[in-house]
$ cat structure14.pdb   # PDB, C-alpha atoms and all ligand atoms
ATOM      1  CA  MET A   1       0.000   0.000   0.000  1.00  0.00           C
ATOM      2  CA  LYS A   2       1.063   3.546  -0.675  1.00  0.00           C
ATOM      3  CA  ILE A   3      -0.121   6.487   1.447  1.00  0.00           C
ATOM      4  CA  ASP A   4       0.559  10.019   0.218  1.00  0.00           C
ATOM      5  CA  ILE A   5      -0.108  12.696   2.833  1.00  0.00           C
ATOM      6  CA  LEU A   6      -0.621  16.219   1.476  1.00  0.00           C
ATOM      7  CA  THR A   7       0.228  18.787   4.134  1.00  0.00           C
ATOM      8  CA  LEU A   8       1.717  22.236   4.661  1.00  0.00           C
ATOM      9  CA  PHE A   9       3.626  20.930   7.699  1.00  0.00           C
ATOM     10  CA  PRO A  10       5.479  17.714   6.785  1.00  0.00           C
ATOM     11  CA  GLU A  11       7.803  18.188   9.793  1.00  0.00           C
ATOM     12  CA  MET A  12       4.798  17.686  12.075  1.00  0.00           C
ATOM     13  CA  LEU A  13       4.371  14.156  10.694  1.00  0.00           C
ATOM     14  CA  GLU A  14       7.977  13.064  10.150  1.00  0.00           C
ATOM     15  CA  GLY A  15       8.752  11.975  13.702  1.00  0.00           C
ATOM     16  CA  PHE A  16       5.623   9.888  13.886  1.00  0.00           C
ATOM     17  CA  ILE A  17       5.978   7.986  10.632  1.00  0.00           C
ATOM     18  CA  ASN A  18       9.715   7.422  11.141  1.00  0.00           C
ATOM     19  CA  ASN A  19       9.430   5.598  14.440  1.00  0.00           C
ATOM     20  CA  SER A  20       8.356   2.279  15.888  1.00  0.00           C
ATOM     21  CA  ILE A  21       5.997  -0.022  13.994  1.00  0.00           C
ATOM     22  CA  ILE A  22       5.225   2.419  11.163  1.00  0.00           C
ATOM     23  CA  LYS A  23       8.937   2.823  10.482  1.00  0.00           C
ATOM     24  CA  LYS A  24       9.493  -0.940  10.475  1.00  0.00           C
ATOM     25  CA  ALA A  25       6.546  -1.453   8.124  1.00  0.00           C
ATOM     26  CA  GLN A  26       8.145   0.976   5.679  1.00  0.00           C
ATOM     27  CA  GLU A  27      11.543  -0.677   5.994  1.00  0.00           C
ATOM     28  CA  LYS A  28       9.950  -4.048   5.254  1.00  0.00           C
ATOM     29  CA  LYS A  29       8.246  -2.446   2.203  1.00  0.00           C
ATOM     30  CA  LEU A  30       4.801  -3.317   3.539  1.00  0.00           C
ATOM     31  CA  VAL A  31       3.783   0.322   3.118  1.00  0.00           C
ATOM     32  CA  GLU A  32       5.238   3.398   1.453  1.00  0.00           C
ATOM     33  CA  ILE A  33       4.384   6.717   3.099  1.00  0.00           C
ATOM     34  CA  ASN A  34       5.197  10.008   1.371  1.00  0.00           C
ATOM     35  CA  LEU A  35       4.788  13.489   2.790  1.00  0.00           C
ATOM     36  CA  ILE A  36       4.002  16.038   0.094  1.00  0.00           C
ATOM     37  CA  ASN A  37       4.042  19.740   0.823  1.00  0.00           C
ATOM     38  CA  PHE A  38       1.301  21.187  -1.364  1.00  0.00           C
ATOM     39  CA  ARG A  39       2.822  24.653  -0.957  1.00  0.00           C
ATOM     40  CA  GLU A  40       5.136  23.550  -3.760  1.00  0.00           C
ATOM     41  CA  PHE A  41       2.121  23.559  -6.080  1.00  0.00           C
ATOM     42  CA  SER A  42       1.224  27.202  -5.445  1.00  0.00           C
ATOM     43  CA  HIS A  43       1.222  29.498  -8.483  1.00  0.00           C
ATOM     44  CA  LEU A  44       1.464  32.670  -6.427  1.00  0.00           C
ATOM     45  CA  ASN A  45       4.416  34.764  -5.388  1.00  0.00           C
ATOM     46  CA  ASN A  46       5.952  33.645  -2.104  1.00  0.00           C
ATOM     47  CA  GLN A  47       4.135  30.296  -2.509  1.00  0.00           C
ATOM     48  CA  GLN A  48       0.927  31.514  -0.911  1.00  0.00           C
ATOM     49  CA  VAL A  49      -1.682  28.757  -0.555  1.00  0.00           C
ATOM     50  CA  ASP A  50      -4.570  30.623   1.056  1.00  0.00           C
ATOM     51  CA  ASP A  51      -6.622  33.744   0.522  1.00  0.00           C
ATOM     52  CA  THR A  52      -9.404  35.810   2.066  1.00  0.00           C
ATOM     53  CA  PRO A  53     -12.956  34.438   1.803  1.00  0.00           C
ATOM     54  CA  TYR A  54     -15.293  35.776  -0.897  1.00  0.00           C
ATOM     55  CA  GLY A  55     -18.230  37.501   0.790  1.00  0.00           C
ATOM     56  CA  GLY A  56     -16.049  38.540   3.725  1.00  0.00           C
ATOM     57  CA  GLY A  57     -15.513  36.964   7.107  1.00  0.00           C
ATOM     58  CA  ALA A  58     -12.680  36.019   9.389  1.00  0.00           C
ATOM     59  CA  GLY A  59      -9.659  33.870   8.588  1.00  0.00           C
ATOM     60  CA  MET A  60      -8.009  32.569   5.465  1.00  0.00           C
ATOM     61  CA  VAL A  61      -9.258  29.901   3.115  1.00  0.00           C
ATOM     62  CA  LEU A  62      -7.109  27.287   1.326  1.00  0.00           C
ATOM     63  CA  ARG A  63      -7.119  27.841  -2.429  1.00  0.00           C
ATOM     64  CA  CYS A  64      -8.068  25.104  -4.890  1.00  0.00           C
ATOM     65  CA  GLU A  65      -5.094  24.963  -7.198  1.00  0.00           C
ATOM     66  CA  PRO A  66      -2.249  23.892  -4.874  1.00  0.00           C
ATOM     67  CA  ILE A  67      -4.319  21.086  -3.387  1.00  0.00           C
ATOM     68  CA  VAL A  68      -5.890  19.881  -6.627  1.00  0.00           C
ATOM     69  CA  GLU A  69      -2.580  19.929  -8.496  1.00  0.00           C
ATOM     70  CA  ALA A  70      -0.867  18.087  -5.635  1.00  0.00           C
ATOM     71  CA  ILE A  71      -3.608  15.425  -5.802  1.00  0.00           C
ATOM     72  CA  GLU A  72      -3.192  15.158  -9.578  1.00  0.00           C
ATOM     73  CA  SER A  73       0.583  14.755  -9.241  1.00  0.00           C
ATOM     74  CA  VAL A  74       0.152  11.414  -7.428  1.00  0.00           C
ATOM     75  CA  LYS A  75      -3.340  10.171  -8.309  1.00  0.00           C
ATOM     76  CA  THR A  76      -3.895   7.029 -10.399  1.00  0.00           C
ATOM     77  CA  GLU A  77      -7.064   5.071 -11.182  1.00  0.00           C
ATOM     78  CA  ASN A  78      -6.478   3.039  -8.004  1.00  0.00           C
ATOM     79  CA  SER A  79      -6.289   5.996  -5.629  1.00  0.00           C
ATOM     80  CA  LEU A  80      -8.791   6.966  -2.963  1.00  0.00           C
ATOM     81  CA  VAL A  81      -8.647  10.671  -2.125  1.00  0.00           C
ATOM     82  CA  ILE A  82      -9.530  11.464   1.498  1.00  0.00           C
ATOM     83  CA  LEU A  83      -9.940  14.915   3.013  1.00  0.00           C
ATOM     84  CA  LEU A  84      -9.508  15.183   6.793  1.00  0.00           C
ATOM     85  CA  THR A  85     -12.126  17.605   8.059  1.00  0.00           C
ATOM     86  CA  PRO A  86     -14.409  17.938  11.086  1.00  0.00           C
ATOM     87  CA  GLN A  87     -17.286  17.874   8.565  1.00  0.00           C
ATOM     88  CA  GLY A  88     -16.478  14.313   7.470  1.00  0.00           C
ATOM     89  CA  LYS A  89     -17.935  10.973   8.501  1.00  0.00           C
ATOM     90  CA  THR A  90     -16.682   9.911  11.928  1.00  0.00           C
ATOM     91  CA  TYR A  91     -13.774   7.501  11.550  1.00  0.00           C
ATOM     92  CA  THR A  92     -14.156   3.997  13.024  1.00  0.00           C
ATOM     93  CA  GLN A  93     -12.275   0.697  13.188  1.00  0.00           C
ATOM     94  CA  GLN A  94     -14.698  -0.654  10.605  1.00  0.00           C
ATOM     95  CA  MET A  95     -13.597   2.075   8.179  1.00  0.00           C
ATOM     96  CA  ALA A  96      -9.946   1.245   8.893  1.00  0.00           C
ATOM     97  CA  ASN A  97     -10.697  -2.367   7.953  1.00  0.00           C
ATOM     98  CA  ASN A  98     -12.244  -1.187   4.716  1.00  0.00           C
ATOM     99  CA  LEU A  99      -9.528   1.341   3.819  1.00  0.00           C
ATOM    100  CA  LYS A 100      -6.707  -1.176   4.303  1.00  0.00           C
ATOM    101  CA  LYS A 101      -7.911  -2.879   1.087  1.00  0.00           C
ATOM    102  CA  TYR A 102      -6.913   0.057  -1.127  1.00  0.00           C
ATOM    103  CA  ASN A 103      -3.588   0.173  -3.002  1.00  0.00           C
ATOM    104  CA  HIS A 104      -3.222   3.903  -2.697  1.00  0.00           C
ATOM    105  CA  LEU A 105      -4.616   6.472  -0.265  1.00  0.00           C
ATOM    106  CA  ILE A 106      -4.151  10.213  -0.647  1.00  0.00           C
ATOM    107  CA  LEU A 107      -4.794  12.012   2.662  1.00  0.00           C
ATOM    108  CA  ILE A 108      -5.260  15.783   2.562  1.00  0.00           C
ATOM    109  CA  CYS A 109      -4.677  17.862   5.677  1.00  0.00           C
ATOM    110  CA  GLY A 110      -6.599  21.125   5.727  1.00  0.00           C
ATOM    111  CA  HIS A 111      -5.438  24.106   7.726  1.00  0.00           C
ATOM    112  CA  TYR A 112      -6.486  27.665   8.572  1.00  0.00           C
ATOM    113  CA  GLU A 113     -10.195  28.506   8.667  1.00  0.00           C
ATOM    114  CA  GLY A 114     -11.122  26.065   5.958  1.00  0.00           C
ATOM    115  CA  PHE A 115     -10.786  25.283   2.281  1.00  0.00           C
ATOM    116  CA  ASP A 116     -12.454  26.382  -0.916  1.00  0.00           C
ATOM    117  CA  GLU A 117     -15.583  24.220  -1.181  1.00  0.00           C
ATOM    118  CA  ARG A 118     -14.748  23.332  -4.810  1.00  0.00           C
ATOM    119  CA  ILE A 119     -11.921  21.120  -3.513  1.00  0.00           C
ATOM    120  CA  LEU A 120     -14.636  18.614  -2.554  1.00  0.00           C
ATOM    121  CA  GLU A 121     -15.184  17.906  -6.259  1.00  0.00           C
ATOM    122  CA  PHE A 122     -11.744  16.261  -6.292  1.00  0.00           C
ATOM    123  CA  VAL A 123     -12.195  14.225  -3.104  1.00  0.00           C
ATOM    124  CA  ASP A 124     -13.736  10.726  -2.715  1.00  0.00           C
ATOM    125  CA  LEU A 125     -14.275  10.725   1.035  1.00  0.00           C
ATOM    126  CA  GLU A 126     -14.343  13.264   3.890  1.00  0.00           C
ATOM    127  CA  LEU A 127     -13.256  11.873   7.269  1.00  0.00           C
ATOM    128  CA  SER A 128     -13.377  13.332  10.782  1.00  0.00           C
ATOM    129  CA  ILE A 129     -11.653  11.686  13.750  1.00  0.00           C
ATOM    130  CA  GLY A 130     -14.216  13.091  16.194  1.00  0.00           C
ATOM    131  CA  ASP A 131     -16.529  15.949  17.023  1.00  0.00           C
ATOM    132  CA  TYR A 132     -13.908  18.538  17.928  1.00  0.00           C
ATOM    133  CA  VAL A 133     -11.870  20.990  15.878  1.00  0.00           C
ATOM    134  CA  LEU A 134      -8.098  20.609  15.463  1.00  0.00           C
ATOM    135  CA  THR A 135      -5.732  23.281  14.162  1.00  0.00           C
ATOM    136  CA  GLY A 136      -5.307  21.173  11.038  1.00  0.00           C
ATOM    137  CA  GLY A 137      -5.773  17.717   9.592  1.00  0.00           C
ATOM    138  CA  GLU A 138      -2.251  16.466  10.430  1.00  0.00           C
ATOM    139  CA  ALA A 139      -3.101  14.726  13.703  1.00  0.00           C
ATOM    140  CA  ALA A 140      -6.142  13.192  11.999  1.00  0.00           C
ATOM    141  CA  ALA A 141      -4.039  11.956   9.048  1.00  0.00           C
ATOM    142  CA  LEU A 142      -1.707  10.268  11.539  1.00  0.00           C
ATOM    143  CA  VAL A 143      -4.609   8.601  13.315  1.00  0.00           C
ATOM    144  CA  VAL A 144      -5.930   7.232  10.019  1.00  0.00           C
ATOM    145  CA  THR A 145      -2.459   6.170   8.803  1.00  0.00           C
ATOM    146  CA  ASP A 146      -1.534   4.446  12.057  1.00  0.00           C
ATOM    147  CA  SER A 147      -4.815   2.570  12.373  1.00  0.00           C
ATOM    148  CA  ILE A 148      -4.558   1.280   8.779  1.00  0.00           C
ATOM    149  CA  VAL A 149      -0.849   0.404   8.693  1.00  0.00           C
ATOM    150  CA  ARG A 150      -1.108  -1.822  11.769  1.00  0.00           C
ATOM    151  CA  LEU A 151      -3.845  -3.818   9.988  1.00  0.00           C
ATOM    152  CA  LEU A 152      -1.726  -4.548   6.894  1.00  0.00           C
ATOM    153  CA  ASP A 153      -0.453  -8.111   6.517  1.00  0.00           C
ATOM    154  CA  ASN A 154       2.774  -8.873   8.416  1.00  0.00           C
ATOM    155  CA  VAL A 155       2.972  -5.499  10.194  1.00  0.00           C
ATOM    156  CA  ILE A 156       1.919  -6.917  13.566  1.00  0.00           C
ATOM    157  CA  LYS A 157       1.036 -10.448  14.620  1.00  0.00           C
ATOM    158  CA  ASP A 158      -2.402 -11.644  13.525  1.00  0.00           C
ATOM    159  CA  ASP A 159      -3.428 -12.824  16.999  1.00  0.00           C
ATOM    160  CA  SER A 160      -2.902  -9.318  18.399  1.00  0.00           C
ATOM    161  CA  LYS A 161      -5.473  -8.127  15.862  1.00  0.00           C
ATOM    162  CA  ASN A 162      -8.051 -10.883  16.270  1.00  0.00           C
ATOM    163  CA  ASN A 163      -8.766 -10.269  19.926  1.00  0.00           C
ATOM    164  CA  GLU A 164      -8.755  -6.513  20.154  1.00  0.00           C
ATOM    165  CA  SER A 165     -11.217  -3.761  20.934  1.00  0.00           C
ATOM    166  CA  PHE A 166     -13.953  -3.131  18.336  1.00  0.00           C
ATOM    167  CA  GLU A 167     -13.149  -6.187  16.197  1.00  0.00           C
ATOM    168  CA  ASP A 168     -16.309  -7.944  17.375  1.00  0.00           C
ATOM    169  CA  GLY A 169     -18.154  -4.827  18.517  1.00  0.00           C
ATOM    170  CA  LEU A 170     -16.740  -5.263  22.038  1.00  0.00           C
ATOM    171  CA  LEU A 171     -13.868  -3.716  23.970  1.00  0.00           C
ATOM    172  CA  ASP A 172     -10.757  -5.794  24.622  1.00  0.00           C
ATOM    173  CA  TYR A 173     -10.561  -8.065  27.689  1.00  0.00           C
ATOM    174  CA  PRO A 174      -8.322  -7.029  30.622  1.00  0.00           C
ATOM    175  CA  THR A 175      -4.701  -8.217  30.494  1.00  0.00           C
ATOM    176  CA  TYR A 176      -2.110  -8.672  33.251  1.00  0.00           C
ATOM    177  CA  THR A 177       1.607  -9.452  33.496  1.00  0.00           C
ATOM    178  CA  LYS A 178       4.120 -10.117  36.273  1.00  0.00           C
ATOM    179  CA  PRO A 179       4.181  -9.694  39.233  1.00  0.00           C
ATOM    180  CA  ARG A 180       1.230 -11.773  40.447  1.00  0.00           C
ATOM    181  CA  GLU A 181       0.545  -9.190  43.130  1.00  0.00           C
ATOM    182  CA  PHE A 182       1.264  -5.466  42.985  1.00  0.00           C
ATOM    183  CA  ARG A 183       0.504  -3.318  46.073  1.00  0.00           C
ATOM    184  CA  GLY A 184      -2.124  -5.800  47.169  1.00  0.00           C
ATOM    185  CA  LEU A 185      -3.737  -5.986  43.715  1.00  0.00           C
ATOM    186  CA  LYS A 186      -3.898  -9.598  42.554  1.00  0.00           C
ATOM    187  CA  VAL A 187      -4.038 -11.065  39.073  1.00  0.00           C
ATOM    188  CA  PRO A 188      -7.375 -12.945  38.646  1.00  0.00           C
ATOM    189  CA  GLU A 189      -6.873 -16.598  39.660  1.00  0.00           C
ATOM    190  CA  VAL A 190      -8.350 -17.994  36.449  1.00  0.00           C
ATOM    191  CA  LEU A 191      -5.455 -16.572  34.410  1.00  0.00           C
ATOM    192  CA  LEU A 192      -2.985 -18.579  36.511  1.00  0.00           C
ATOM    193  CA  SER A 193      -5.003 -21.804  36.187  1.00  0.00           C
ATOM    194  CA  GLY A 194      -3.591 -22.967  32.852  1.00  0.00           C
ATOM    195  CA  ASN A 195      -7.152 -23.977  31.829  1.00  0.00           C
ATOM    196  CA  HIS A 196      -7.461 -22.470  28.367  1.00  0.00           C
ATOM    197  CA  GLN A 197     -11.175 -23.063  28.013  1.00  0.00           C
ATOM    198  CA  GLU A 198     -11.951 -21.343  31.314  1.00  0.00           C
ATOM    199  CA  ILE A 199      -9.611 -18.486  30.440  1.00  0.00           C
ATOM    200  CA  ALA A 200     -11.353 -17.988  27.075  1.00  0.00           C
ATOM    201  CA  GLN A 201     -14.757 -18.005  28.791  1.00  0.00           C
ATOM    202  CA  TRP A 202     -13.621 -15.526  31.446  1.00  0.00           C
ATOM    203  CA  ARG A 203     -12.179 -13.196  28.808  1.00  0.00           C
ATOM    204  CA  LYS A 204     -15.400 -13.158  26.807  1.00  0.00           C
ATOM    205  CA  GLN A 205     -17.437 -12.425  29.956  1.00  0.00           C
ATOM    206  CA  GLU A 206     -15.064  -9.600  30.889  1.00  0.00           C
ATOM    207  CA  GLN A 207     -15.319  -8.151  27.372  1.00  0.00           C
ATOM    208  CA  ILE A 208     -19.094  -8.044  27.671  1.00  0.00           C
ATOM    209  CA  LYS A 209     -19.002  -6.584  31.202  1.00  0.00           C
ATOM    210  CA  LYS A 210     -16.410  -3.952  30.287  1.00  0.00           C
ATOM    211  CA  THR A 211     -18.285  -2.882  27.149  1.00  0.00           C
ATOM    212  CA  GLN A 212     -21.589  -2.599  29.052  1.00  0.00           C
ATOM    213  CA  GLU A 213     -19.932  -0.476  31.738  1.00  0.00           C
ATOM    214  CA  LYS A 214     -17.640   1.731  29.675  1.00  0.00           C
ATOM    215  CA  ARG A 215     -19.300   1.913  26.265  1.00  0.00           C
ATOM    216  CA  PRO A 216     -23.027   1.148  26.555  1.00  0.00           C
ATOM    217  CA  ASP A 217     -23.432   2.868  23.156  1.00  0.00           C
ATOM    218  CA  LEU A 218     -21.306   0.141  21.511  1.00  0.00           C
ATOM    219  CA  PHE A 219     -23.110  -2.598  23.349  1.00  0.00           C
ATOM    220  CA  LYS A 220     -26.447  -1.716  21.768  1.00  0.00           C
TER
HETATM  221  N1  LIG B   1      -9.320  18.916  10.981  1.00  0.00           N
HETATM  222  C1  LIG B   1      -9.690  19.694  12.008  1.00  0.00           C
HETATM  223  N2  LIG B   1     -10.408  19.013  12.903  1.00  0.00           N
HETATM  224  C2  LIG B   1     -10.519  17.735  12.427  1.00  0.00           C
HETATM  225  C3  LIG B   1     -11.157  16.559  12.889  1.00  0.00           C
HETATM  226  N3  LIG B   1     -11.862  16.524  14.020  1.00  0.00           N
HETATM  227  N4  LIG B   1     -11.054  15.449  12.135  1.00  0.00           N
HETATM  228  C4  LIG B   1     -10.367  15.474  10.978  1.00  0.00           C
HETATM  229  N5  LIG B   1      -9.748  16.553  10.487  1.00  0.00           N
HETATM  230  C5  LIG B   1      -9.817  17.681  11.202  1.00  0.00           C
END
$ encode --input "structure14.pdb" --output "structure tokens"
Amino acid sequence: MKIDILTLFPEMLEGFINNSIIKKAQEKKLVEINLINFREFSHLNNQQVDDTPYGGGAGMVLRCEPIVEAIESVKTENSLVILLTPQGKTYTQQMANNLKKYNHLILICGHYEGFDERILEFVDLELSIGDYVLTGGEAAALVVTDSIVRLLDNVIKDDSKNNESFEDGLLDYPTYTKPREFRGLKVPEVLLSGNHQEIAQWRKQEQIKKTQEKRPDLFK
């Protein structure tokens, strides 16, 4: 899979994509991630990418041509063009599972007050990571990238993916490691029993209990 991220602030993303599991996935050629500064596609003096809104109002608006030309510089017939915006559909694990099937994603990070509405004509999907407003789409692009890359084949072990939160509409079960007792807090006996069937049963029950308590909305 290839992921091209169009941003005015590639430095904001560099540290994240060049560390840990995402870095290893790139080294193993399981994913290619490119940061593209769409300022380079500006036609204006001093590489301006924004302008004042028609009709008046506060703030600056991203112009069409740098973004659209940046999209066109990488787009093929297999690309899905995604705009990160608080106006988009709310991103979920189910969407991550769907997006991982694409060969090529183009993620566009907005900034400033907003973007020229005509940019939407060149976009396949608008995504929001939640009902709050960020200074730009960069953090959202990282959330989407991270959640997809970890689902790609051979990036992390399959069994870590099978039993995790949201995969079956439930939160993950509680996990413990050594020591057996920490400041009087004990690891549940069943996990020390070696009885795999009982452990599996207990984990499922805990998943249901935890989801009912913490995320009754999911449980419905
Ligand atoms: N840009 C600004 N806020 C955002 C959000 N909540 N999701 C995606 N992109 C954004």
$ resolve_selection --input "structure14.pdb" --expression "the PyMOL selection byres (((chain A and resi 211) around 12) and not hetatm)" --output "count of residues only"
25
$ residues_near_ligand --input "structure14.pdb" --ligand "ligand LIG 1 (chain B)" --cutoff "12 Å" --atoms "all atoms listed in the file" --output "PyMOL selection string"
chain A and resi 7+82-92+107-115+125-144
$ residues_around --input "structure14.pdb" --residues "Pro53 in chain A" --least-positions-apart "3" --cutoff "10 Å" --atoms "all atoms listed in the file" --output "ChimeraX atom specification"
/A:50,56-63,113-116
$ residues_around --input "structure14.pdb" --residues "Asn18 in chain A" --least-positions-apart "6" --cutoff "10 Å" --atoms "all atoms listed in the file" --output "list in words"
Lys24, Ala25, Gln26, Glu27 and Ile33 of chain A
$ atom_distance --input "structure14.pdb" --atom1 "CA of Arg118 in chain A" --atom2 "CA of Ile67 in chain A"
10.8 Å
$ closest_residue --input "structure14.pdb" --among "A:Lys2, A:Lys28, A:Arg150, A:Lys23" --to "Asn78 in chain A" --atoms "all atoms listed in the file"
A:Lys2
$ atom_distance --input "structure14.pdb" --atom1 "CA of Leu8 in chain A" --atom2 "CA of Pro66 in chain A"
10.5 Å
$ atom_distance --input "structure14.pdb" --atom1 "CA of Pro10 in chain A" --atom2 "CA of Leu105 in chain A"
16.7 Å
$ closest_residue --input "structure14.pdb" --among "A:Leu30, A:Ile148, A:Leu80, A:Met95" --to "Asp124 in chain A" --atoms "only C-alpha atoms"
A:Leu80
$ resolve_selection --input "structure14.pdb" --expression "the PyMOL selection byres (((chain A and resi 103) around 6) and not hetatm)" --output "number ranges by chain"
A: 1, 102, 104
$ closest_residue --input "structure14.pdb" --among "A:Leu44, A:Ile22, A:Leu6, A:Ile36" --to "Thr145 in chain A" --atoms "all atoms listed in the file"
A:Ile22
$ closest_residue --input "structure14.pdb" --among "A:Val190, A:Val123, A:Ile17, A:Ala96" --to "Glu72 in chain A" --atoms "all atoms listed in the file"
A:Val123
$ residues_around --input "structure14.pdb" --residues "Phe41 in chain A" --least-positions-apart "3" --cutoff "7 Å" --atoms "only C-alpha atoms" --output "VMD selection string"
chain A and resid 38 66 69 to 70
$ axis_aligned_box --input "structure14.pdb" --around "range 152-161 of chain A" --padding-each-side "4 Å" --output "JSON"
{"center_x": -1.3, "center_y": -8.7, "center_z": 12.5, "size_x": 16.4, "size_y": 16.3, "size_z": 19.9}
$ closest_residue --input "structure14.pdb" --among "A:Gln197, A:Gln47, A:Ser73, A:Ser20" --to "Asp4 in chain A" --atoms "all atoms listed in the file"
A:Ser73
$ closest_residue --input "structure14.pdb" --among "A:Glu11, A:Glu164, A:Asp146, A:Asp51" --to "Leu35 in chain A" --atoms "all atoms listed in the file"
A:Glu11
$ decode --input "structure14.pdb" --residues "range 134-148 of chain A" --atoms "N, CA, C and O atoms" --output "PDB file, in the first residue's frame"
ATOM      1  N   LEU A 134      -9.553  20.555  15.317  1.00  0.00           N
ATOM      2  CA  LEU A 134      -8.098  20.609  15.463  1.00  0.00           C
ATOM      3  C   LEU A 134      -7.568  21.813  14.686  1.00  0.00           C
ATOM      4  O   LEU A 134      -8.280  22.386  13.863  1.00  0.00           O
ATOM      5  N   THR A 135      -6.305  22.157  14.917  1.00  0.00           N
ATOM      6  CA  THR A 135      -5.732  23.281  14.162  1.00  0.00           C
ATOM      7  C   THR A 135      -5.536  22.909  12.690  1.00  0.00           C
ATOM      8  O   THR A 135      -5.423  23.774  11.830  1.00  0.00           O
ATOM      9  N   GLY A 136      -5.459  21.625  12.418  1.00  0.00           N
ATOM     10  CA  GLY A 136      -5.307  21.173  11.038  1.00  0.00           C
ATOM     11  C   GLY A 136      -5.537  19.682  10.965  1.00  0.00           C
ATOM     12  O   GLY A 136      -5.735  19.031  11.991  1.00  0.00           O
ATOM     13  N   GLY A 137      -5.470  19.135   9.770  1.00  0.00           N
ATOM     14  CA  GLY A 137      -5.773  17.717   9.592  1.00  0.00           C
ATOM     15  C   GLY A 137      -4.613  16.774   9.893  1.00  0.00           C
ATOM     16  O   GLY A 137      -4.766  15.563   9.786  1.00  0.00           O
ATOM     17  N   GLU A 138      -3.443  17.324  10.291  1.00  0.00           N
ATOM     18  CA  GLU A 138      -2.251  16.466  10.430  1.00  0.00           C
ATOM     19  C   GLU A 138      -2.447  15.364  11.471  1.00  0.00           C
ATOM     20  O   GLU A 138      -2.133  14.196  11.210  1.00  0.00           O
ATOM     21  N   ALA A 139      -2.921  15.747  12.656  1.00  0.00           N
ATOM     22  CA  ALA A 139      -3.101  14.726  13.703  1.00  0.00           C
ATOM     23  C   ALA A 139      -4.112  13.682  13.227  1.00  0.00           C
ATOM     24  O   ALA A 139      -3.946  12.476  13.470  1.00  0.00           O
ATOM     25  N   ALA A 140      -5.123  14.122  12.510  1.00  0.00           N
ATOM     26  CA  ALA A 140      -6.142  13.192  11.999  1.00  0.00           C
ATOM     27  C   ALA A 140      -5.532  12.260  10.951  1.00  0.00           C
ATOM     28  O   ALA A 140      -5.822  11.053  10.934  1.00  0.00           O
ATOM     29  N   ALA A 141      -4.681  12.793  10.079  1.00  0.00           N
ATOM     30  CA  ALA A 141      -4.039  11.956   9.048  1.00  0.00           C
ATOM     31  C   ALA A 141      -3.172  10.888   9.717  1.00  0.00           C
ATOM     32  O   ALA A 141      -3.104   9.746   9.254  1.00  0.00           O
ATOM     33  N   LEU A 142      -2.526  11.246  10.826  1.00  0.00           N
ATOM     34  CA  LEU A 142      -1.707  10.268  11.539  1.00  0.00           C
ATOM     35  C   LEU A 142      -2.571   9.182  12.172  1.00  0.00           C
ATOM     36  O   LEU A 142      -2.212   8.008  12.155  1.00  0.00           O
ATOM     37  N   VAL A 143      -3.692   9.581  12.715  1.00  0.00           N
ATOM     38  CA  VAL A 143      -4.609   8.601  13.315  1.00  0.00           C
ATOM     39  C   VAL A 143      -5.053   7.593  12.250  1.00  0.00           C
ATOM     40  O   VAL A 143      -5.002   6.374  12.447  1.00  0.00           O
ATOM     41  N   VAL A 144      -5.450   8.105  11.102  1.00  0.00           N
ATOM     42  CA  VAL A 144      -5.930   7.232  10.019  1.00  0.00           C
ATOM     43  C   VAL A 144      -4.779   6.340   9.527  1.00  0.00           C
ATOM     44  O   VAL A 144      -4.928   5.119   9.391  1.00  0.00           O
ATOM     45  N   THR A 145      -3.612   6.934   9.297  1.00  0.00           N
ATOM     46  CA  THR A 145      -2.459   6.170   8.803  1.00  0.00           C
ATOM     47  C   THR A 145      -2.088   5.057   9.785  1.00  0.00           C
ATOM     48  O   THR A 145      -1.941   3.891   9.410  1.00  0.00           O
ATOM     49  N   ASP A 146      -1.954   5.411  11.042  1.00  0.00           N
ATOM     50  CA  ASP A 146      -1.534   4.446  12.057  1.00  0.00           C
ATOM     51  C   ASP A 146      -2.522   3.285  12.151  1.00  0.00           C
ATOM     52  O   ASP A 146      -2.136   2.107  12.161  1.00  0.00           O
ATOM     53  N   SER A 147      -3.799   3.614  12.181  1.00  0.00           N
ATOM     54  CA  SER A 147      -4.815   2.570  12.373  1.00  0.00           C
ATOM     55  C   SER A 147      -4.886   1.641  11.170  1.00  0.00           C
ATOM     56  O   SER A 147      -5.242   0.472  11.319  1.00  0.00           O
ATOM     57  N   ILE A 148      -4.536   2.128   9.977  1.00  0.00           N
ATOM     58  CA  ILE A 148      -4.558   1.280   8.779  1.00  0.00           C
ATOM     59  C   ILE A 148      -3.275   0.464   8.674  1.00  0.00           C
ATOM     60  O   ILE A 148      -3.319  -0.736   8.430  1.00  0.00           O
TER      61      ILE A 148
END
